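> Input structure: data06.tsv, which contains TSV, C-alpha atoms.
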chain	number	residue	atom	x	y	z
A	1	MET	CA	2.77	24.15	-16.48
A	2	THR	CA	-0.61	23.82	-14.80
A	3	THR	CA	-1.45	25.16	-11.35
A	4	VAL	CA	-3.62	22.87	-9.22
A	5	THR	CA	-4.93	22.87	-5.66
A	6	ALA	CA	-3.25	20.48	-3.25
A	7	TYR	CA	-2.70	19.73	0.43
A	8	ALA	CA	0.94	19.87	1.50
A	9	THR	CA	3.02	19.89	4.64
A	10	PRO	CA	5.68	22.64	4.65
A	11	ALA	CA	7.96	20.94	7.18
A	12	ALA	CA	8.33	17.79	9.25
A	13	LYS	CA	5.43	17.33	11.69
A	14	ALA	CA	3.74	20.52	10.47
A	15	PRO	CA	0.01	20.23	9.70
A	16	LEU	CA	-0.98	19.76	6.09
A	17	GLU	CA	-2.48	22.90	4.58
A	18	ARG	CA	-4.29	23.88	1.41
A	19	THR	CA	-1.97	25.31	-1.22
A	20	THR	CA	-1.22	25.23	-4.96
A	21	ILE	CA	1.45	23.34	-6.88
A	22	GLU	CA	2.68	23.23	-10.46
A	23	ARG	CA	2.19	20.17	-12.65
A	24	ARG	CA	4.43	19.67	-15.66
A	25	PRO	CA	3.05	20.00	-19.19
A	26	VAL	CA	1.65	16.83	-20.74
A	27	GLY	CA	4.50	15.26	-22.68
A	28	GLU	CA	4.58	12.88	-25.62
A	29	ARG	CA	3.65	9.78	-23.60
A	30	ASP	CA	2.09	11.45	-20.56
A	31	VAL	CA	-1.40	11.08	-19.16
A	32	LEU	CA	-3.12	13.91	-17.29
A	33	ILE	CA	-5.40	12.47	-14.61
A	34	ASP	CA	-8.23	14.21	-12.80
A	35	ILE	CA	-7.85	12.65	-9.35
A	36	ALA	CA	-11.17	11.57	-7.87
A	37	PHE	CA	-9.98	9.77	-4.73
A	38	VAL	CA	-6.70	9.16	-2.91
A	39	GLY	CA	-6.08	6.86	0.02
A	40	ILE	CA	-4.19	7.79	3.18
A	41	CYS	CA	-1.42	5.25	3.74
A	42	HIS	CA	0.54	4.99	6.99
A	43	SER	CA	3.65	5.67	4.93
A	44	ASP	CA	2.20	9.11	4.12
A	45	ILE	CA	2.40	9.87	7.82
A	46	HIS	CA	5.89	8.42	8.21
A	47	GLN	CA	7.18	10.60	5.40
A	48	ALA	CA	5.21	13.78	6.16
A	49	ARG	CA	6.70	13.65	9.66
A	50	ASP	CA	10.17	12.71	8.37
A	51	GLY	CA	10.08	9.44	10.28
A	52	TRP	CA	12.14	7.63	7.66
A	53	GLY	CA	14.53	10.49	6.87
A	54	ARG	CA	15.42	12.06	3.50
A	55	ALA	CA	12.14	13.97	3.35
A	56	ILE	CA	11.68	16.73	0.77
A	57	PHE	CA	9.53	19.70	1.78
A	58	PRO	CA	7.06	21.04	0.95
A	59	MET	CA	5.56	17.58	0.53
A	60	VAL	CA	2.28	16.57	-1.11
A	61	PRO	CA	1.66	12.95	0.00
A	62	GLY	CA	-0.58	10.38	-1.62
A	63	HIS	CA	0.28	7.28	-3.68
A	64	GLU	CA	-3.10	5.54	-3.80
A	65	ILE	CA	-4.54	7.52	-6.69
A	66	ALA	CA	-7.76	6.77	-8.58
A	67	GLY	CA	-9.23	9.03	-11.22
A	68	VAL	CA	-10.12	9.64	-14.84
A	69	VAL	CA	-7.92	10.49	-17.82
A	70	ALA	CA	-8.43	14.15	-18.75
A	71	ARG	CA	-5.81	14.48	-21.51
A	72	THR	CA	-3.20	12.36	-23.26
A	73	GLY	CA	0.05	13.14	-25.03
A	74	PRO	CA	0.24	12.58	-28.80
A	75	GLY	CA	2.26	9.36	-28.39
A	76	VAL	CA	0.01	7.69	-25.80
A	77	THR	CA	-1.36	4.33	-26.98
A	78	ARG	CA	-2.64	2.69	-23.80
A	79	PHE	CA	-5.26	5.16	-22.60
A	80	GLU	CA	-7.92	7.50	-23.86
A	81	VAL	CA	-9.71	10.48	-22.34
A	82	GLY	CA	-12.38	9.20	-19.95
A	83	ASP	CA	-10.60	6.00	-18.98
A	84	ARG	CA	-10.69	5.03	-15.28
A	85	VAL	CA	-7.10	4.76	-14.10
A	86	GLY	CA	-4.87	4.50	-11.09
A	87	VAL	CA	-1.34	5.44	-10.02
A	88	GLY	CA	0.50	3.72	-7.21
A	89	CYS	CA	3.78	4.29	-5.41
A	90	MET	CA	6.09	4.90	-8.38
A	91	VAL	CA	5.93	7.09	-11.48
A	92	ASP	CA	9.15	6.12	-13.28
A	93	THR	CA	12.22	3.88	-13.18
A	94	CYS	CA	15.39	3.40	-15.23
A	95	ARG	CA	13.47	0.96	-17.50
A	96	VAL	CA	16.64	-0.84	-18.65
A	97	CYS	CA	18.01	-2.78	-15.67
A	98	ASP	CA	17.32	-6.50	-15.31
A	99	ASN	CA	14.57	-5.92	-12.75
A	100	CYS	CA	12.76	-3.35	-14.85
A	101	ARG	CA	12.93	-5.60	-17.89
A	102	ALA	CA	11.55	-8.48	-15.81
A	103	GLY	CA	8.51	-6.46	-14.73
A	104	LEU	CA	9.95	-5.88	-11.26
A	105	GLU	CA	10.15	-2.11	-11.56
A	106	GLN	CA	9.70	-1.75	-7.81
A	107	TYR	CA	13.21	-3.20	-7.46
A	108	CYS	CA	14.79	-0.97	-10.11
A	109	VAL	CA	18.57	-1.06	-9.62
A	110	GLU	CA	18.78	2.73	-9.80
A	111	GLY	CA	15.77	3.04	-7.53
A	112	PRO	CA	12.21	3.92	-8.56
A	113	ILE	CA	11.07	7.52	-8.79
A	114	TRP	CA	8.37	7.58	-6.14
A	115	THR	CA	5.05	9.29	-6.67
A	116	TYR	CA	5.97	11.85	-4.04
A	117	ASN	CA	8.97	12.78	-1.91
A	118	ALA	CA	11.34	12.09	-4.79
A	119	VAL	CA	13.04	13.92	-7.64
A	120	GLY	CA	11.87	13.22	-11.19
A	121	LYS	CA	14.05	12.89	-14.26
A	122	ASP	CA	13.32	16.57	-14.96
A	123	GLY	CA	15.03	17.51	-11.68
A	124	ARG	CA	11.79	18.65	-10.07
A	125	PRO	CA	10.30	17.19	-6.87
A	126	THR	CA	7.41	14.79	-7.31
A	127	TYR	CA	4.09	15.60	-5.68
A	128	GLY	CA	1.45	13.02	-4.80
A	129	GLY	CA	-2.27	12.55	-4.97
A	130	TYR	CA	-3.52	14.98	-2.35
A	131	SER	CA	-4.13	17.24	-5.34
A	132	GLN	CA	-6.58	17.88	-8.16
A	133	GLN	CA	-4.50	16.45	-10.99
A	134	VAL	CA	-1.32	14.54	-11.72
A	135	VAL	CA	0.73	13.99	-14.89
A	136	VAL	CA	2.27	10.51	-15.24
A	137	ASP	CA	3.99	8.57	-18.02
A	138	GLU	CA	1.49	6.05	-19.43
A	139	ASN	CA	3.83	3.16	-18.62
A	140	TYR	CA	3.27	3.76	-14.90
A	141	VAL	CA	-0.51	4.09	-15.05
A	142	VAL	CA	-2.90	1.15	-14.60
A	143	ARG	CA	-6.50	0.64	-15.66
A	144	ILE	CA	-9.20	0.33	-12.97
A	145	PRO	CA	-11.84	-2.20	-14.04
A	146	ASP	CA	-15.44	-1.02	-14.21
A	147	ALA	CA	-16.41	-3.55	-11.55
A	148	LEU	CA	-14.43	-1.60	-8.94
A	149	SER	CA	-15.69	1.76	-7.72
A	150	LEU	CA	-12.91	4.32	-7.70
A	151	ASP	CA	-13.12	5.07	-3.98
A	152	VAL	CA	-12.61	1.47	-2.80
A	153	ALA	CA	-10.07	0.86	-5.57
A	154	ALA	CA	-7.77	3.72	-4.54
A	155	PRO	CA	-6.18	1.91	-1.53
A	156	LEU	CA	-5.51	-1.12	-3.73
A	157	LEU	CA	-2.80	0.91	-5.49
A	158	CYS	CA	-0.63	0.47	-2.38
A	159	ALA	CA	-2.32	-1.69	0.26
A	160	GLY	CA	-3.61	-4.06	-2.39
A	161	ILE	CA	-0.43	-4.63	-4.36
A	162	THR	CA	1.76	-4.60	-1.23
A	163	THR	CA	-0.12	-7.64	0.08
A	164	TYR	CA	-1.01	-9.32	-3.24
A	165	SER	CA	2.60	-9.50	-4.43
A	166	PRO	CA	3.94	-11.59	-1.53
A	167	LEU	CA	0.81	-13.73	-1.44
A	168	ARG	CA	1.41	-14.63	-5.08
A	169	HIS	CA	5.18	-14.96	-4.77
A	170	TRP	CA	4.93	-17.36	-1.81
A	171	GLN	CA	2.07	-19.22	-3.49
A	172	ALA	CA	-0.81	-18.60	-1.13
A	173	GLY	CA	-3.72	-20.77	-2.22
A	174	PRO	CA	-5.62	-23.97	-1.48
A	175	GLY	CA	-3.82	-26.16	1.02
A	176	ARG	CA	-1.69	-23.28	2.34
A	177	ARG	CA	-2.05	-21.68	5.75
A	178	VAL	CA	-1.54	-17.92	5.87
A	179	ALA	CA	-1.42	-15.74	8.99
A	180	VAL	CA	-1.87	-11.98	8.76
A	181	VAL	CA	-0.38	-9.96	11.60
A	182	GLY	CA	-2.53	-6.89	12.22
A	183	LEU	CA	-5.98	-6.05	10.90
A	184	GLY	CA	-5.43	-2.50	9.71
A	185	GLY	CA	-5.08	-0.71	6.40
A	186	LEU	CA	-2.79	-3.38	4.95
A	187	GLY	CA	-3.99	-6.33	6.99
A	188	HIS	CA	-7.67	-6.16	6.12
A	189	VAL	CA	-6.86	-6.21	2.39
A	190	ALA	CA	-4.41	-9.09	2.94
A	191	VAL	CA	-7.18	-11.12	4.58
A	192	LYS	CA	-9.54	-10.51	1.67
A	193	LEU	CA	-6.93	-11.39	-0.93
A	194	ALA	CA	-5.63	-14.50	0.84
A	195	HIS	CA	-9.19	-15.73	1.23
A	196	ALA	CA	-9.96	-15.06	-2.44
A	197	LEU	CA	-6.82	-17.00	-3.39
A	198	GLY	CA	-8.17	-20.01	-1.49
A	199	ALA	CA	-5.79	-20.11	1.48
A	200	GLU	CA	-6.75	-20.92	5.06
A	201	VAL	CA	-6.46	-17.50	6.71
A	202	THR	CA	-5.74	-16.55	10.32
A	203	VAL	CA	-5.63	-13.04	11.77
A	204	LEU	CA	-3.15	-12.41	14.57
A	205	SER	CA	-4.11	-9.19	16.35
A	206	GLN	CA	-3.30	-7.74	19.75
A	207	SER	CA	-6.82	-8.34	21.00
A	208	LEU	CA	-10.11	-9.86	19.89
A	209	ARG	CA	-11.67	-6.41	19.44
A	210	LYS	CA	-11.90	-6.74	15.64
A	211	ARG	CA	-12.66	-10.46	15.57
A	212	ASP	CA	-16.11	-10.11	14.00
A	213	ASP	CA	-14.66	-7.91	11.25
A	214	GLY	CA	-11.83	-10.32	10.58
A	215	LEU	CA	-14.17	-13.28	10.15
A	216	ARG	CA	-16.51	-11.21	7.97
A	217	LEU	CA	-13.61	-10.22	5.71
A	218	GLY	CA	-12.64	-13.84	5.12
A	219	ALA	CA	-10.52	-15.07	8.02
A	220	ASP	CA	-11.05	-18.66	9.13
A	221	HIS	CA	-9.45	-18.05	12.55
A	222	TYR	CA	-8.72	-15.03	14.71
A	223	TYR	CA	-6.31	-15.08	17.66
A	224	ALA	CA	-5.15	-12.47	20.14
A	225	THR	CA	-1.37	-12.10	20.33
A	226	GLY	CA	-1.78	-10.53	23.74
A	227	ASP	CA	-2.59	-14.03	24.99
A	228	PRO	CA	0.66	-16.03	25.43
A	229	GLN	CA	-1.25	-19.27	24.77
A	230	THR	CA	-1.76	-18.13	21.17
A	231	PHE	CA	1.91	-18.73	20.34
A	232	GLU	CA	1.91	-22.08	22.09
A	233	ALA	CA	-1.24	-23.30	20.35
A	234	ALA	CA	-0.20	-22.10	16.88
A	235	ALA	CA	3.47	-23.11	16.97
A	236	GLY	CA	4.68	-24.55	13.66
A	237	ARG	CA	1.31	-24.03	11.97
A	238	TYR	CA	1.75	-21.56	9.07
A	239	ASP	CA	3.33	-21.67	5.64
A	240	LEU	CA	3.33	-17.89	5.38
A	241	VAL	CA	3.08	-15.08	7.91
A	242	LEU	CA	2.51	-11.55	6.57
A	243	ASN	CA	3.46	-8.88	9.06
A	244	THR	CA	1.52	-5.73	8.17
A	245	VAL	CA	2.19	-3.61	11.27
A	246	SER	CA	4.66	-0.72	11.47
A	247	ALA	CA	5.91	-1.44	14.97
A	248	PRO	CA	8.68	-3.62	16.43
A	249	LEU	CA	7.63	-7.18	17.18
A	250	ASP	CA	9.00	-10.14	19.10
A	251	PHE	CA	10.26	-11.78	15.93
A	252	ALA	CA	11.29	-14.97	17.70
A	253	ALA	CA	7.70	-15.51	18.83
A	254	TYR	CA	6.24	-14.95	15.36
A	255	LEU	CA	8.89	-17.02	13.60
A	256	SER	CA	8.01	-19.92	15.91
A	257	LEU	CA	4.62	-20.03	14.18
A	258	LEU	CA	6.15	-21.15	10.88
A	259	ARG	CA	6.12	-24.69	9.54
A	260	THR	CA	9.23	-26.23	8.03
A	261	ASP	CA	10.35	-23.99	5.15
A	262	GLY	CA	7.77	-21.40	6.13
A	263	THR	CA	8.40	-17.69	5.55
A	264	MET	CA	7.56	-14.57	7.49
A	265	VAL	CA	7.33	-11.54	5.20
A	266	ASN	CA	7.69	-8.11	6.73
A	267	LEU	CA	5.58	-5.42	5.06
A	268	GLY	CA	5.38	-2.77	7.78
A	269	LEU	CA	8.37	-0.45	8.20
A	270	PRO	CA	8.80	0.79	11.78
A	271	GLU	CA	10.83	3.94	12.27
A	272	GLU	CA	12.94	2.39	15.04
A	273	PRO	CA	15.41	-0.51	14.72
A	274	VAL	CA	14.21	-4.03	15.50
A	275	GLN	CA	16.02	-6.92	17.17
A	276	LEU	CA	16.34	-10.44	15.83
A	277	THR	CA	17.87	-13.51	17.45
A	278	LEU	CA	19.31	-15.68	14.70
A	279	GLN	CA	18.55	-18.86	16.61
A	280	SER	CA	14.87	-18.20	15.89
A	281	LEU	CA	15.56	-18.88	12.20
A	282	SER	CA	17.56	-22.06	12.57
A	283	GLY	CA	14.73	-24.38	13.51
A	284	ASN	CA	12.61	-25.80	10.68
A	285	ARG	CA	14.62	-23.86	8.05
A	286	ARG	CA	12.47	-20.79	8.57
A	287	SER	CA	12.95	-17.63	6.52
A	288	LEU	CA	12.44	-13.95	7.29
A	289	SER	CA	11.90	-11.88	4.18
A	290	SER	CA	10.33	-8.67	2.91
A	291	SER	CA	8.42	-7.44	-0.11
A	292	GLY	CA	7.99	-4.06	-1.74
A	293	ILE	CA	4.77	-3.18	-3.60
A	294	GLY	CA	4.73	-4.81	-7.06
A	295	GLY	CA	5.56	-4.14	-10.67
A	296	ILE	CA	3.17	-2.41	-13.07
A	297	ALA	CA	2.00	-5.62	-14.75
A	298	GLU	CA	1.45	-7.30	-11.39
A	299	THR	CA	-0.47	-4.26	-10.14
A	300	GLN	CA	-2.79	-4.55	-13.14
A	301	GLU	CA	-3.12	-8.29	-12.46
A	302	MET	CA	-4.08	-7.50	-8.87
A	303	LEU	CA	-6.77	-4.99	-9.90
A	304	ASP	CA	-8.23	-7.45	-12.41
A	305	PHE	CA	-8.22	-10.18	-9.74
A	306	CYS	CA	-9.98	-7.87	-7.28
A	307	ALA	CA	-12.62	-7.02	-9.87
A	308	VAL	CA	-13.37	-10.68	-10.53
A	309	HIS	CA	-13.52	-11.58	-6.82
A	310	GLY	CA	-15.23	-8.45	-5.53
A	311	VAL	CA	-12.28	-7.34	-3.41
A	312	GLY	CA	-12.11	-3.68	-2.47
A	313	ALA	CA	-10.83	-1.77	0.53
A	314	GLU	CA	-13.06	-1.05	3.51
A	315	ILE	CA	-12.99	2.74	3.56
A	316	GLU	CA	-14.04	5.83	5.45
A	317	LEU	CA	-14.48	8.70	2.99
A	318	ILE	CA	-13.31	12.08	4.29
A	319	ARG	CA	-13.11	15.69	3.14
A	320	ALA	CA	-9.73	17.22	2.40
A	321	ASP	CA	-9.97	19.50	5.41
A	322	GLU	CA	-10.12	16.40	7.63
A	323	ILE	CA	-6.67	15.10	6.60
A	324	ASN	CA	-4.84	16.21	9.75
A	325	GLU	CA	-7.50	14.69	11.99
A	326	ALA	CA	-7.33	11.49	9.93
A	327	TYR	CA	-3.57	11.29	10.48
A	328	GLU	CA	-4.07	11.40	14.24
A	329	ARG	CA	-6.79	8.79	14.04
A	330	VAL	CA	-4.55	6.46	12.01
A	331	LEU	CA	-1.93	6.70	14.75
A	332	ARG	CA	-4.61	5.74	17.29
A	333	SER	CA	-5.76	2.83	15.07
A	334	ASP	CA	-9.12	4.58	14.90
A	335	VAL	CA	-10.10	3.74	11.32
A	336	ARG	CA	-11.82	0.77	9.72
A	337	TYR	CA	-9.90	0.37	7.63
A	338	ARG	CA	-8.58	2.96	5.21
A	339	PHE	CA	-9.21	6.69	4.97
A	340	VAL	CA	-9.87	7.89	1.44
A	341	ILE	CA	-9.95	11.57	0.53
A	342	ASP	CA	-12.73	12.80	-1.72
A	343	ASN	CA	-10.69	15.09	-3.96
A	344	ALA	CA	-13.81	16.95	-5.04
A	345	THR	CA	-13.51	18.66	-1.62
A	346	LEU	CA	-10.07	20.13	-2.35
Would you mind writing the file out in structure tokens?


Amino acid sequence: MTTVTAYATPAAKAPLERTTIERRPVGERDVLIDIAFVGICHSDIHQARDGWGRAIFPMVPGHEIAGVVARTGPGVTRFEVGDRVGVGCMVDTCRVCDNCRAGLEQYCVEGPIWTYNAVGKDGRPTYGGYSQQVVVDENYVVRIPDALSLDVAAPLLCAGITTYSPLRHWQAGPGRRVAVVGLGGLGHVAVKLAHALGAEVTVLSQSLRKRDDGLRLGADHYYATGDPQTFEAAAGRYDLVLNTVSAPLDFAAYLSLLRTDGTMVNLGLPEEPVQLTLQSLSGNRRSLSSSGIGGIAETQEMLDFCAVHGVGAEIELIRADEINEAYERVLRSDVRYRFVIDNATL
């Protein structure tokens, strides 16, 4: 076992505090990673405050991990010491179900073992990237291309794959119209990716406050959802609507924006229940769907795509002792657009 410094919350809604945790020994096919940077995802806040239930405390959040391989197990074949690598939301799965075999590990029938707030196959709780090091099976580690700096690559391990996967699945590209609801941690990456894929991209945000940013990031259009005329003017316009916000919406209004056979994909996970009128689906054969991160191969595909197209997260780099303040700022939407912790400050 190795003792490392980390930031953890001891109980729901308690501030995160500096502490130490134990990492397991490096096994046959394990990779020990010196964590350089870790992004702060809104789901970190949901779970640290037990907003989704089933929280395990003490909790070390962080599933947007970028770093360098420090040691490898004797059976490791994919990585060497010094390699630039990343770890996303999951660190293991059953590996044998149909989904795992199809490269859809995120939909493992038995359920993935999440990077934190889960129990590993060894019966010990998993701890995330707000820490100096992590030990992960090589099959759940991805390579970060040299063209991506580690700090802007870190958020791609969740925000990037969470938006890339549905964009690819629903075939965003030339001739397709994509609307992104919300220009935040997820939304700003979605805009960049949809633009790089060749789609016509619209941002739907509460106000026009971030309009200049949205257009700079690749949006062709930017509309305020606080203006009722937006829904009238854009009715039946989009092939795909990605909802990236973690708050209840008027789903009927957003579904009305879809063309025939269009799909709205929900990526944000609000803590409270939402309401849906089924009549809003019946017109134009609209669909309401969801998507969860991506498999390991698709995550590597996403990173390689981002390297080729120069796509990285827009970040604000913070010290570890600023985590609690960053959480409050995320809740106030006071970040453009992703906080990333410099783990050298742990």

> Hey, can you check how far CA of Gly67 in chain A sits from CA of Gly128 in chain A?

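The value is 13.1 Å.
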
> Counting all atoms listed in the file, which residue out of A:Leu269, A:Val201, A:Cys94, A:Cys306 sits closest to Arg176 in chain A?

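For Arg176 in chain A, the nearest of the given residues is A:Val201.
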
> Any idea what the distance is between CA of Gly111 in chain A and CA of Asn99 in chain A?

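A separation of 10.4 Å between them.
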
> Of the candidates A:Glu322, A:Val245, A:Ala253, A:Gly62, which shows the shortest atom-to-atom distance to Thr230 in chain A, using only C-alpha atoms?

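Closest to Thr230 in chain A, using only C-alpha atoms: A:Ala253.
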
> Quick one: everything within 7 Å of Arg84 in chain A, counting all atoms listed in the file, minus sequence neighbours fewer than 6 positions away in the same chain. Send it as a list in words.

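After dropping sequence-adjacent residues, the list is Gly67, Val68, Val69, Arg143 and Ile144 of chain A.
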
> Go ahead and compute the interatomic distance for CA of Leu242 in chain A and CA of Val181 in chain A, in Å to one decimal.

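A separation of 6.0 Å between them.
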
> Considering all atoms listed in the file, can you say which of A:Thr244, A:Thr202, A:Ser149, A:Ser207 comes closest to Pro228 in chain A?

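Among A:Thr244, A:Thr202, A:Ser149, A:Ser207, it is A:Ser207 that comes nearest to Pro228 in chain A.
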
> Using only C-alpha atoms, which protein or nucleic acid residues come within 12 Å of Glu325 in chain A? Drop anything in the same chain fewer than 4 positions from it, and give the result as JSON, numbers by chain.

{"A": [15, 16, 40, 45, 318, 319, 320, 321, 329, 330, 331, 332, 334, 335, 339]}

> Residues near Tyr337 in chain A, anyone? I mean within 7 Å using only C-alpha atoms, not counting same-chain ones fewer than 6 positions away, as an MDAnalysis selection string.

chainID A and resid 184:185 314:315

> For Arg101 in chain A, which residue out of A:Leu317, A:Ala297, A:Ala307, A:Val265 is the nearest one, using all atoms listed in the file?

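Using all atoms listed in the file, Arg101 in chain A sits closest to A:Ala297.
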
> With only C-alpha atoms counted, which protein, DNA or RNA residues have an atom no more than 8 Å from (0.3, -7.3, -9.1) in the file frame? Please answer as a ChimeraX atom specification.

/A:161,164-165,294-303

> Take every atom of range 305-321 of chain A listed in the file, pad by 3 Å on each side, and give me the axis-aligned box centre and edge lengths in Å, one decimal, as lines of an AutoDock Vina configuration file.


center_x = -11.7
center_y = 4.0
center_z = -2.5
size_x = 13.0
size_y = 37.1
size_z = 22.0

> Which of these residues is nearest to Gly75 in chain A, using only C-alpha atoms: A:Asp137, A:Glu232, A:Asp92, A:Asp98?

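Ranking A:Asp137, A:Glu232, A:Asp92, A:Asp98 by distance to Gly75 in chain A, first place goes to A:Asp137.
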
> Given the point (10.0, 2.0, -5.4) in the file's coordinates, find the residues that have an atom at most 8 Å from it, counting all atoms listed in the file, and give them as JSON, numbers by chain.

{"A": [89, 90, 105, 106, 107, 108, 111, 112, 113, 114, 292, 293]}

> Nearest residue to Val134 in chain A out of A:Thr115, A:Thr277, A:Thr9, A:Asn324, using all atoms listed in the file?

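Closest to Val134 in chain A, using all atoms listed in the file: A:Thr115.
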
> Could you pull the residues within 9 Å of Ala219 in chain A, counting all atoms listed in the file, minus those fewer than 6 positions along the same chain, as number ranges by chain?

A: 191-192, 194-195, 200-203, 213

> Which residues come within 10 Å of Val85 in chain A, counting all atoms listed in the file, excluding same-chain residues fewer than 3 positions away, as a list in words?

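Neighbouring residues, sequence-local ones excluded: Val31, Ile33, Asp34, Ile35, Ile65, Ala66, Gly67, Val68, Val69, Phe79, Gly82, Val141, Val142, Arg143, Ile144, Pro145, Leu150, Ala153 and Ala154 of chain A.
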